[in-house]
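A short write-up of the structure that comes next.
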2 protein chains.
Amino acid sequence: MPKPLKLALAQMNPHVGAIEKNAAKIIDYIHKAKARGADLVVFPELAITGYPPEDLVLKPQFIKDNLSVLNEIAKAAKDIAVYVGFVDAKGDNIYNAGAFINNGKIVEIYHKNNLPNYKVFDEKRYFTSGTKTSVVTLKGTKIGLGICEDIWVDANPYMKEAKAGAKLMLVINASPYHVGKIYEREKVLSKRAKATKAHIIYVNMVGGQDELVFDGGSFVVNSKGKLVASAPQFKEDLLVVDGKGNICRKPEEMEEIYSAIKMGLKDYVDKNGFTDVLVGLSGGIDSALTLTIAADTLGNKRVHPIYMPSQYSARQSIEDSKRVSNNLGTSLEIIPIKDIFSDYLKDLEACFKGAKPNIAEENLQARIRGNLLMALSNKFGWLVISTGNKSETSTGYCTLYGDMVGGFNVLKDVPKTLVYKLVEWRNRQEKVIPMSIINRPPTAELKPNQKDRDTLPPYDVLDKVIKAYVEDNKSLKEIVKLGINAKTAKKMLSMIDRAEYKRRQSPPGPRITERAFGKDWRLPITNGYISR
Amino acid sequence: MPKPLKLALAQMNPHVGAIEKNAAKIIDYIHKAKARGADLVVFPELAITGYPPEDLVLKPQFIKDNLSVLNEIAKAAKDIAVYVGFVDAKGDNIYNAGAFINNGKIVEIYHKNNLPNYKVFDEKRYFTSGTKTSVVTLKGTKIGLGICEDIWVDANPYMKEAKAGAKLMLVINASPYHVGKIYEREKVLSKRAKATKAHIIYVNMVGGQDELVFDGGSFVVNSKGKLVASAPQFKEDLLVVDGKGNICRKPEEMEEIYSAIKMGLKDYVDKNGFTDVLVGLSGGIDSALTLTIAADTLGNKRVHPIYMPSQYSARQSIEDSKRVSNNLGTSLEIIPIKDIFSDYLKDLEACFKGAKPNIAEENLQARIRGNLLMALSNKFGWLVISTGNKSETSTGYCTLYGDMVGGFNVLKDVPKTLVYKLVEWRNRQEKVIPMSIINRPPTAELKPNQKDRDTLPPYDVLDKVIKAYVEDNKSLKEIVKLGINAKTAKKMLSMIDRAEYKRRQSPPGPRITERAFGKDWRLPITNGYISR
């Protein structure tokens with residue numbers, strides 16, 4: 001670290017759109033950083049607006065409002081320097097920008113040079129690329145400015161800034177989480193530090209925003225590329241660095257994923273102003289894990305499990321539901337659906353005449369449960385958390401308006417095989433999910449003796465197909481080469497393609513893999529392509 | 001028209017992803033054009049893949065498949081020239097491209113220079129911009145190539161091509177419909193023709209693709225900027241031009257919108273392989289118009305109206321539902337929901353204890369209807385068409401998993417005031433929607449004496465707010481300046497913002513305005529911004 005400077009990394013959780021609230025938080029961190037003797041405090045990318053502000057940026061008044069709070073922040077930054085992300089505008093051009101403020105004045109504005117427009121990113125929809133680099137001087141140290149994507153490309157502005165004498169680089173980020181992303185970041189930053197021969201401050205956003213989770217884990221590498229300090233993941237932090245700092249322990253993989261999902265849920269619930277959540281229990285592993293995550297995130301008093309048995313529900317289902325609910329200290333409500341189901345069938349009798357029982361009767365049960373959950377949601381203002389996993393969402397092995405109802409789907413990006421691993425990890429901390437749930441063959445219980453295996457291949461096979469097709473854009477031929485039976489693979493790809501209409505109407509859930517259903521999955525519903 | 005050339009404009013309706021099917025259609029048009037003596041036949045942008053192919057383009061095998069059918073098409077083009085859109089790839093770069101084929105050989109490949117990445121377009125997500133212009137010679141005439149957006153920008157490749165001697169310009173397009181878009185196209189093209197002093201052939205795609213409608217209306221302007229020939233909107237056409245051609249009558253505004261919605265519905269139903277559709281009738285104007293559009297589009301035999309009365313349904317509702325169904329020659333099914341509703345309330349009694357009646361009981365009725373529609377859908381494989389309008393979708397005055405259920409929502413982008421205008425236009429052709437439906441004050445009939453006016457301002461006021469806020473990104477202050485009461489405006493904007501979670505789970509519907517909910521509306525659900 002250039003010796004004379006004491007640096008603060010404000011790993012902040014903004015609320016998208018809540019400009020004044022974000023500004024107040026920024027000003028509070030500026031005061032805290034000053035109190036701890038920092039010369040400079042650095043905030044995440046677009047800290048003022050939150051990330052991604054999406055089409056809010058197309059509202060001219062929104063940009064004006066963000067500029068006016070930037071000026072308030074500048075005024076509040078007496079006797080300290082600040083680098084903070086905001087939305088800049090010049091004429092018709094809008095920029096993803098960073099303001100460098102010193103002692104109450106904005107002394108430099110940097111416009112992000114490299115705008116990501118792939119995967120979950122749409123920055124070229126909104127922003128114009130900056131074309132200039134920025135080097136500022138603070139207490140004799142030359143500092144290079146940049147934003148997020150700028151550090152990922154080989155021809156990056158920091159190289160030019162290094163040539164202009166910068167010895168300290170500031171990278172402000174809204175870098176979304178996926179499993180192990182933090183290791184990728186540290187690797188790239190280490191390389192850049194060596195290339196620029198500069199110390200680099202990497203400040204990441206933290207918090208959940210709809211489907212995205214920002215995991216924080218801000219850090220500092222020295223000019224040799226060595227990690228010298230880091231902040232924790234999944235919570236706000238003010239890391240103050242003077243020469244060397246603290247390096248945070250990184251969680252093991254299952255803990256990392258579990259924490260990411262919790263943060264996604266917590267911020268969806270809290271930022272949207274919900275007090276309580278509802279979870280429909282089935283006796284299966286997905287709803288048991290969902291309830292556990294909800295209780296771990298919000299506390300057992302804010303979480304309301306409901307069990308809704310039909311004539312096809314096994315005794316084990318109610319017992320296991322009671323057990324997991326008890327273990328978590330939640331209070332289970334039970335509403336049988338048998339009578340309502342009979343009434344529907346009676347009223348549909350004339351229309352159904354002559355037709356054989358099929359998926360209609362099965363889905364009806366799931367939809368009665370959906371209605372009951374939504375009735376409770378509407379009655380008390382509670383959010384329904386849906387319980388489907390990525391294997392189901394992929395293949396459409398789930399009922400639209402049935403088990404898919406809800407405002408947030410915590411396991412949306414968690415394949416079934418990972419559900420088991422997360423349960424195993426969670427049970428290692430404290431036994432909450434009964435072994436009987438874990439050991440039972442998955443079933444939808446919508447007709448007698450139904451098993452997932454009647455419709456789907458074993459989940460380890462299915463999840464391999466999903467990884468290859470959904471995350472890696474592999475073709476049928478390539479998937480068969482991975483050792484998957486051709487007929488199985490073909491059927492699965494067709495199921496995945498045909499379920500697009502369901503996914504379009506599904507609630508958001510936290511992204512934890514490299515490709516989740518949502519912003520990074522833009523497939524047409526009307527789609528005649530058959531993979532070969 | 002440069003005299004020696006006879007030109008064919010193949011206004012084609014491709015099926016996104018169905019590469020072989022599209023290739024067969026292209027080859028068929030090539031043969032037809034040749035039979036009519038054309039020297040050159042021109043196809044729309046990305047005619048081989050359909051538009052927009054979205055993330056299909058991220059599948060390497062998909063691009064290979066499209067390149068292999070391009071070669072088949074080239075081989076089939078004996079003794080004729082063809083300009084056709086496809087996806088090109090060079091190394092890691094993917095291009096939105098046009099192939100100029102002459103007598104069985106690809107003689108030139110043009111890469112789209114200008115990639116739209118705003119509104120419904122995401123082309124920078126996929127494609128690299130071409131940097132070269134292309135001029136080819138056919139029977140002594142120099143021809144300039146380009147694609148869609150290329151003609152809309154002032155610094156366009158056609159100017160360079162004109163300097164290189166091109167006297168005829170080919171513009172291939174997938175230009176999505178909105179009201180009056182065809183006039184904008186003709187105006188811009190006329191300007192470009194004058195600037196380049198060249199004749200311009202503008203070939204547009206036709207057909208529905210999820211939320212987008214491509215309206216065709218392909219045309220030719222001469223080098224003085226005068227419209228000399230045009231194809232009809234909303235259907236496939238092969239326009240052959242030799243010097244002068246035919247100019248098609250343009251439909252009046254309501255006919256244009258009605259035709260756009262019909263095409264959107266028809267292609268969603270047919271391309272997705274549905275035989276029949278279901279429409280829930282309420283006795284109100286939205287469901288009456290929806291049924292009429294469905295019957296006009298698919299014929300009355302393929303359309304099944306269902307009326308599902310509760311204790312709050314007025315006698316007028318059943319009578320009006322019967323009347324409109326009779327007028328259209330459809331067969332109405334009636335399923336009362338009273339018993340099912342009582343059963344739900346009985347089963348929820350314990351949980352609801354002590355709570356006052358609220359939206360929960362209202363939504364429950366809408367959701368019972370949704371379940372019944374979906375049960376019929378699942379039983380017979382029929383598509384549910386939902387009946388909500390844009391005023392409802394905007395304000396959230398609709399029930400998620402209730403009246404919002406369905407695979408396609410024909411009035412999704414039609415504000416209530418426009419619903420009345422469309423009904424008036426349709427009734428002018430032939431009286432199908434009873435005056436009693438038109439004159440009745442709108443009601444959801446989910447509690448005694450309920451009227452839309454209890455919750456919403458008059459629809460002419462509301463629709464003004466929606467236009468300003470949703471289409472034009474206006475602020476609260478600006479909306480008040482339009483003459484809207486400040487308290488009303490504030491309440492409406494808040495309703496619009498808060499309904500985002502519902503819209504995210506809504507089915508697609510045809511875009512007819514400049515900004516519809518869908519690809520061109522990317523607002524966060526978790527959103528703390530309050531417009532001022």
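Residues in the structure tokens are numbered from 1 in each chain, the chains being A, B, ... in the order shown, and ligands are numbered from 1 in the order shown.
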- Item | DSSP helix (DSSP H, G or I) residues within range 325-499 of chain A, listed as an MDAnalysis selection string | chainID A and resid 325:328 338:352 359:380 390:395 416:429 435:439 452:454 459:471 476:481 486:498
Produce a table with one row for each residue of chain A that has an atom at most 6 Å from any atom of chain B, each row naming the nearest atom pair and its distance in Å at one decimal; use only C-alpha atoms; arrange rows by chain and rising residue number; format as a Markdown table.
| residue | atom | partner | partner_atom | distance |
| --- | --- | --- | --- | --- |
| A:Val16 | CA | B:Asn527 | CA | 5.4 |
| A:Gly17 | CA | B:Tyr529 | CA | 4.1 |
| A:Ala18 | CA | B:Gly528 | CA | 4.1 |
| A:Glu54 | CA | B:Leu523 | CA | 5.8 |
| A:Asp55 | CA | B:Leu523 | CA | 5.3 |
| A:Lys59 | CA | B:Asn473 | CA | 5.1 |
| A:Asn117 | CA | B:Arg125 | CA | 5.4 |
| A:Tyr118 | CA | B:Arg125 | CA | 5.3 |
| A:Arg125 | CA | B:Tyr118 | CA | 5.2 |
| A:Asn272 | CA | B:Thr526 | CA | 6.0 |
| A:Ile340 | CA | B:Asp343 | CA | 5.8 |
| A:Asp343 | CA | B:Ile340 | CA | 5.8 |
| A:Ala360 | CA | B:Asn378 | CA | 4.7 |
| A:Ala375 | CA | B:Ala360 | CA | 5.0 |
| A:Asn378 | CA | B:Ala360 | CA | 4.7 |
| A:Lys379 | CA | B:Ala360 | CA | 5.1 |
| A:Tyr401 | CA | B:Tyr401 | CA | 5.6 |
| A:Asn473 | CA | B:Lys59 | CA | 5.2 |
| A:Gln505 | CA | B:Gln505 | CA | 3.9 |
| A:Ser506 | CA | B:Gln505 | CA | 5.7 |
| A:Arg522 | CA | B:Asp55 | CA | 5.4 |
| A:Leu523 | CA | B:Asp55 | CA | 5.3 |
| A:Thr526 | CA | B:Asn272 | CA | 6.0 |
| A:Asn527 | CA | B:Gly17 | CA | 5.3 |
| A:Gly528 | CA | B:Ala18 | CA | 4.1 |
| A:Tyr529 | CA | B:Gly17 | CA | 4.1 |
Output file for the residues above (N, CA and C atoms, as an mmCIF file, in the first residue's frame):
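What follows is the written file selection-v3.cif:
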data_model
loop_
_atom_site.group_PDB
_atom_site.id
_atom_site.type_symbol
_atom_site.label_atom_id
_atom_site.label_comp_id
_atom_site.auth_asym_id
_atom_site.auth_seq_id
_atom_site.Cartn_x
_atom_site.Cartn_y
_atom_site.Cartn_z
ATOM 1 N N VAL A 16 -32.101 -0.652 -4.817
ATOM 2 C CA VAL A 16 -32.263 -0.111 -6.172
ATOM 3 C C VAL A 16 -33.378 0.929 -6.208
ATOM 4 N N GLY A 17 -33.051 2.084 -6.741
ATOM 5 C CA GLY A 17 -34.039 3.152 -6.914
ATOM 6 C C GLY A 17 -34.199 4.069 -5.709
ATOM 7 N N ALA A 18 -33.876 3.573 -4.524
ATOM 8 C CA ALA A 18 -34.093 4.359 -3.295
ATOM 9 C C ALA A 18 -32.926 5.319 -3.089
ATOM 10 N N GLU A 54 -31.708 -0.864 -14.226
ATOM 11 C CA GLU A 54 -32.515 -1.232 -15.403
ATOM 12 C C GLU A 54 -33.178 0.011 -16.012
ATOM 13 N N ASP A 55 -34.440 -0.118 -16.408
ATOM 14 C CA ASP A 55 -35.080 0.967 -17.170
ATOM 15 C C ASP A 55 -35.399 2.210 -16.339
ATOM 16 N N LYS A 59 -35.661 7.055 -17.333
ATOM 17 C CA LYS A 59 -36.484 8.170 -16.840
ATOM 18 C C LYS A 59 -35.571 9.376 -16.597
ATOM 19 N N ASN A 117 -22.472 -6.441 -21.959
ATOM 20 C CA ASN A 117 -23.804 -6.575 -22.568
ATOM 21 C C ASN A 117 -24.072 -8.041 -22.897
ATOM 22 N N TYR A 118 -23.647 -8.890 -21.985
ATOM 23 C CA TYR A 118 -23.802 -10.335 -22.158
ATOM 24 C C TYR A 118 -24.339 -10.895 -20.848
ATOM 25 N N ARG A 125 -27.686 -1.158 -23.453
ATOM 26 C CA ARG A 125 -29.050 -0.665 -23.601
ATOM 27 C C ARG A 125 -29.168 0.763 -23.055
ATOM 28 N N ASN A 272 -38.765 -5.259 -0.106
ATOM 29 C CA ASN A 272 -40.130 -5.134 -0.595
ATOM 30 C C ASN A 272 -41.153 -4.995 0.533
ATOM 31 N N ILE A 340 -62.467 -29.743 -1.490
ATOM 32 C CA ILE A 340 -62.414 -28.772 -2.587
ATOM 33 C C ILE A 340 -62.150 -29.508 -3.905
ATOM 34 N N ASP A 343 -65.232 -31.169 -5.167
ATOM 35 C CA ASP A 343 -66.156 -30.172 -5.716
ATOM 36 C C ASP A 343 -65.776 -29.750 -7.132
ATOM 37 N N ALA A 360 -54.729 -33.148 -15.984
ATOM 38 C CA ALA A 360 -55.683 -32.145 -15.504
ATOM 39 C C ALA A 360 -56.001 -32.352 -14.023
ATOM 40 N N ALA A 375 -54.534 -17.242 -0.868
ATOM 41 C CA ALA A 375 -55.600 -16.686 -0.025
ATOM 42 C C ALA A 375 -55.001 -16.216 1.305
ATOM 43 N N ASN A 378 -52.955 -13.082 0.586
ATOM 44 C CA ASN A 378 -53.788 -11.883 0.426
ATOM 45 C C ASN A 378 -54.440 -11.468 1.751
ATOM 46 N N LYS A 379 -54.769 -12.456 2.568
ATOM 47 C CA LYS A 379 -55.431 -12.124 3.841
ATOM 48 C C LYS A 379 -54.491 -11.390 4.783
ATOM 49 N N TYR A 401 -49.165 -22.032 -11.812
ATOM 50 C CA TYR A 401 -50.270 -21.582 -10.935
ATOM 51 C C TYR A 401 -50.538 -22.593 -9.818
ATOM 52 N N ASN A 473 -24.803 -24.480 -23.227
ATOM 53 C CA ASN A 473 -25.251 -24.386 -24.620
ATOM 54 C C ASN A 473 -24.811 -25.560 -25.491
ATOM 55 N N GLN A 505 -43.535 -17.392 -16.697
ATOM 56 C CA GLN A 505 -44.499 -16.947 -15.701
ATOM 57 C C GLN A 505 -44.075 -17.351 -14.287
ATOM 58 N N SER A 506 -42.783 -17.628 -14.131
ATOM 59 C CA SER A 506 -42.337 -18.067 -12.803
ATOM 60 C C SER A 506 -41.771 -16.894 -12.010
ATOM 61 N N ARG A 522 -32.713 -16.054 -22.410
ATOM 62 C CA ARG A 522 -33.687 -15.349 -23.239
ATOM 63 C C ARG A 522 -34.021 -16.215 -24.433
ATOM 64 N N LEU A 523 -34.736 -17.271 -24.169
ATOM 65 C CA LEU A 523 -35.121 -18.178 -25.245
ATOM 66 C C LEU A 523 -36.549 -17.871 -25.659
ATOM 67 N N THR A 526 -42.109 -19.464 -28.604
ATOM 68 C CA THR A 526 -42.391 -20.005 -29.931
ATOM 69 C C THR A 526 -41.045 -20.304 -30.582
ATOM 70 N N ASN A 527 -40.693 -21.585 -30.624
ATOM 71 C CA ASN A 527 -39.328 -21.967 -30.972
ATOM 72 C C ASN A 527 -39.336 -23.312 -31.674
ATOM 73 N N GLY A 528 -39.060 -23.303 -32.956
ATOM 74 C CA GLY A 528 -39.100 -24.532 -33.732
ATOM 75 C C GLY A 528 -37.769 -25.256 -33.820
ATOM 76 N N TYR A 529 -36.766 -24.801 -33.081
ATOM 77 C CA TYR A 529 -35.449 -25.435 -33.190
ATOM 78 C C TYR A 529 -35.407 -26.739 -32.404
#
- Shell of 7 Å around range 224-234 of chain B, only C-alpha atoms, local chain residues under 5 positions omitted, as number ranges by chain: B: 190-191, 193-194, 197, 206-207, 215-219, 239, 244-248, 259-260, 263
Go ahead and save the residues from that selection, with C-alpha atoms, as a PDB file, in the first residue's frame.
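This is the output file out_24.pdb:
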ATOM      1  CA  SER B 190     -38.062   8.324 -48.913  1.00  0.00           C
ATOM      2  CA  LYS B 191     -35.439  10.563 -47.323  1.00  0.00           C
ATOM      3  CA  ALA B 193     -33.708   7.407 -51.461  1.00  0.00           C
ATOM      4  CA  LYS B 194     -33.328  11.103 -52.153  1.00  0.00           C
ATOM      5  CA  LYS B 197     -30.313   9.026 -55.418  1.00  0.00           C
ATOM      6  CA  VAL B 206     -44.426 -10.711 -41.498  1.00  0.00           C
ATOM      7  CA  GLY B 207     -45.855 -12.796 -38.654  1.00  0.00           C
ATOM      8  CA  ASP B 215     -46.500  -6.374 -40.116  1.00  0.00           C
ATOM      9  CA  GLY B 216     -44.911  -6.751 -43.526  1.00  0.00           C
ATOM     10  CA  GLY B 217     -45.966  -3.825 -45.699  1.00  0.00           C
ATOM     11  CA  SER B 218     -42.809  -4.199 -47.815  1.00  0.00           C
ATOM     12  CA  PHE B 219     -42.341  -1.474 -50.415  1.00  0.00           C
ATOM     13  CA  LEU B 239     -44.449  -8.610 -54.687  1.00  0.00           C
ATOM     14  CA  LYS B 244     -43.825   0.423 -61.447  1.00  0.00           C
ATOM     15  CA  GLY B 245     -45.925  -1.843 -59.243  1.00  0.00           C
ATOM     16  CA  ASN B 246     -49.092  -1.864 -57.245  1.00  0.00           C
ATOM     17  CA  ILE B 247     -49.567   0.264 -54.130  1.00  0.00           C
ATOM     18  CA  CYS B 248     -51.622  -1.454 -51.442  1.00  0.00           C
ATOM     19  CA  SER B 259     -55.177  -7.128 -37.736  1.00  0.00           C
ATOM     20  CA  ALA B 260     -51.924  -6.909 -35.777  1.00  0.00           C
ATOM     21  CA  MET B 263     -51.753 -12.069 -36.484  1.00  0.00           C
TER      22      MET B 263
END
- Message: With DSSP run on the backbone, what are the strand (DSSP E or B) residues within range 133-371 of chain A? I'd like them as a PyMOL selection string.
- Response: chain A and resi 135-138+141-147+168-173+176+199-204+206-209+212-216+219-221+227-230+233+237-242+244+277-281+303-307+333-334
- Message: Applying 8 Å and only C-alpha atoms, which residues near range 145-155 of chain B remain after dropping the ones on its own chain fewer than 2 positions away? List them as a list in words.
- Response: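 Final neighbour list, sorted by chain and number: Glu45, Ala97, Gly98, Tyr110, His111, Lys112, Asn113, Asn114, Leu115, Pro116, Thr133, Ser134, Val135, Val136, Ile143, Pro157, Tyr158, Met159, Glu161, Met169, Leu170, Val171, Ile172, Asn173, Ala174, Ser175, Val188, Leu189 and Arg192 of chain B.
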Exercise: range 292-305 of chain B partners within 9 Å, only C-alpha atoms, chain neighbours under 3 positions left out, as a JSON list (two decimals) with N, CA and C atoms, in the first residue's frame:
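Wrote part23.json, looks like this:
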[["chain", "number", "residue", "atom", "x", "y", "z"],
["B", 258, "TYR", "N", -56.36, -4.12, -35.06],
["B", 258, "TYR", "CA", -57.10, -5.38, -34.97],
["B", 258, "TYR", "C", -56.38, -6.50, -35.74],
["B", 261, "ILE", "N", -53.22, -7.66, -33.86],
["B", 261, "ILE", "CA", -53.52, -8.55, -32.74],
["B", 261, "ILE", "C", -53.89, -9.94, -33.25],
["B", 262, "LYS", "N", -54.70, -9.98, -34.29],
["B", 262, "LYS", "CA", -55.07, -11.26, -34.88],
["B", 262, "LYS", "C", -53.85, -12.05, -35.33],
["B", 263, "MET", "N", -52.95, -11.37, -36.00],
["B", 263, "MET", "CA", -51.75, -12.07, -36.48],
["B", 263, "MET", "C", -50.91, -12.58, -35.32],
["B", 265, "LEU", "N", -51.97, -13.45, -32.37],
["B", 265, "LEU", "CA", -52.65, -14.61, -31.80],
["B", 265, "LEU", "C", -52.53, -15.84, -32.71],
["B", 266, "LYS", "N", -52.80, -15.62, -33.99],
["B", 266, "LYS", "CA", -52.78, -16.75, -34.93],
["B", 266, "LYS", "C", -51.44, -17.47, -34.92],
["B", 269, "VAL", "N", -50.74, -19.40, -31.65],
["B", 269, "VAL", "CA", -51.53, -20.64, -31.59],
["B", 269, "VAL", "C", -50.98, -21.67, -32.57],
["B", 275, "THR", "N", -54.62, -26.62, -31.21],
["B", 275, "THR", "CA", -55.78, -26.71, -32.10],
["B", 275, "THR", "C", -56.85, -25.71, -31.68],
["B", 276, "ASP", "N", -57.09, -25.60, -30.36],
["B", 276, "ASP", "CA", -58.23, -24.83, -29.87],
["B", 276, "ASP", "C", -57.81, -23.89, -28.75],
["B", 277, "VAL", "N", -58.67, -22.90, -28.49],
["B", 277, "VAL", "CA", -58.40, -22.00, -27.37],
["B", 277, "VAL", "C", -59.64, -21.87, -26.48],
["B", 278, "LEU", "N", -59.36, -21.52, -25.22],
["B", 278, "LEU", "CA", -60.40, -21.29, -24.22],
["B", 278, "LEU", "C", -60.40, -19.81, -23.85],
["B", 279, "VAL", "N", -61.60, -19.25, -23.68],
["B", 279, "VAL", "CA", -61.71, -17.86, -23.23],
["B", 279, "VAL", "C", -62.74, -17.80, -22.10],
["B", 280, "GLY", "N", -62.34, -17.28, -20.97],
["B", 280, "GLY", "CA", -63.29, -17.08, -19.87],
["B", 280, "GLY", "C", -64.07, -15.80, -20.10],
["B", 281, "LEU", "N", -65.39, -15.93, -20.18],
["B", 281, "LEU", "CA", -66.24, -14.73, -20.35],
["B", 281, "LEU", "C", -66.71, -14.25, -18.98],
["B", 287, "SER", "N", -63.49, -9.38, -22.13],
["B", 287, "SER", "CA", -63.60, -10.78, -22.53],
["B", 287, "SER", "C", -64.45, -10.93, -23.79],
["B", 288, "ALA", "N", -65.43, -10.02, -23.96],
["B", 288, "ALA", "CA", -66.23, -10.07, -25.19],
["B", 288, "ALA", "C", -65.37, -9.78, -26.41],
["B", 289, "LEU", "N", -64.51, -8.77, -26.30],
["B", 289, "LEU", "CA", -63.62, -8.44, -27.42],
["B", 289, "LEU", "C", -62.61, -9.56, -27.65],
["B", 321, "SER", "N", -73.12, -12.61, -21.88],
["B", 321, "SER", "CA", -72.15, -13.63, -22.29],
["B", 321, "SER", "C", -72.77, -14.56, -23.32],
["B", 324, "VAL", "N", -73.12, -12.61, -26.80],
["B", 324, "VAL", "CA", -71.92, -12.45, -27.62],
["B", 324, "VAL", "C", -71.45, -13.82, -28.15],
["B", 325, "SER", "N", -71.57, -14.84, -27.33],
["B", 325, "SER", "CA", -71.18, -16.17, -27.77],
["B", 325, "SER", "C", -72.07, -16.64, -28.93],
["B", 328, "LEU", "N", -71.31, -14.92, -32.23],
["B", 328, "LEU", "CA", -70.08, -15.40, -32.88],
["B", 328, "LEU", "C", -70.19, -16.85, -33.31],
["B", 329, "GLY", "N", -71.30, -17.49, -32.92],
["B", 329, "GLY", "CA", -71.48, -18.90, -33.28],
["B", 329, "GLY", "C", -70.62, -19.85, -32.47],
["B", 330, "THR", "N", -70.17, -19.42, -31.30],
["B", 330, "THR", "CA", -69.40, -20.32, -30.43],
["B", 330, "THR", "C", -70.34, -20.99, -29.44],
["B", 331, "SER", "N", -69.85, -22.04, -28.83],
["B", 331, "SER", "CA", -70.69, -22.81, -27.91],
["B", 331, "SER", "C", -70.25, -22.54, -26.48],
["B", 332, "LEU", "N", -71.14, -21.94, -25.68],
["B", 332, "LEU", "CA", -70.77, -21.49, -24.33],
["B", 332, "LEU", "C", -70.97, -22.58, -23.29],
["B", 333, "GLU", "N", -69.93, -22.81, -22.48],
["B", 333, "GLU", "CA", -70.07, -23.70, -21.32],
["B", 333, "GLU", "C", -70.26, -22.84, -20.07],
["B", 334, "ILE", "N", -71.09, -23.32, -19.16],
["B", 334, "ILE", "CA", -71.31, -22.57, -17.92],
["B", 334, "ILE", "C", -70.94, -23.45, -16.73],
["B", 385, "ILE", "N", -56.66, -18.25, -23.43],
["B", 385, "ILE", "CA", -56.38, -16.87, -23.82],
["B", 385, "ILE", "C", -56.85, -15.99, -22.67],
["B", 410, "VAL", "N", -54.33, -11.39, -25.50],
["B", 410, "VAL", "CA", -54.45, -10.61, -26.74],
["B", 410, "VAL", "C", -54.56, -9.10, -26.51],
["B", 426, "ARG", "N", -65.16, -2.93, -34.71],
["B", 426, "ARG", "CA", -65.58, -4.31, -35.04],
["B", 426, "ARG", "C", -67.09, -4.38, -35.23],
["B", 432, "VAL", "N", -71.57, -7.65, -33.31],
["B", 432, "VAL", "CA", -71.38, -8.90, -32.57],
["B", 432, "VAL", "C", -71.38, -8.66, -31.05],
["B", 433, "ILE", "N", -70.92, -7.49, -30.63],
["B", 433, "ILE", "CA", -70.84, -7.23, -29.19],
["B", 433, "ILE", "C", -72.03, -6.37, -28.78]]
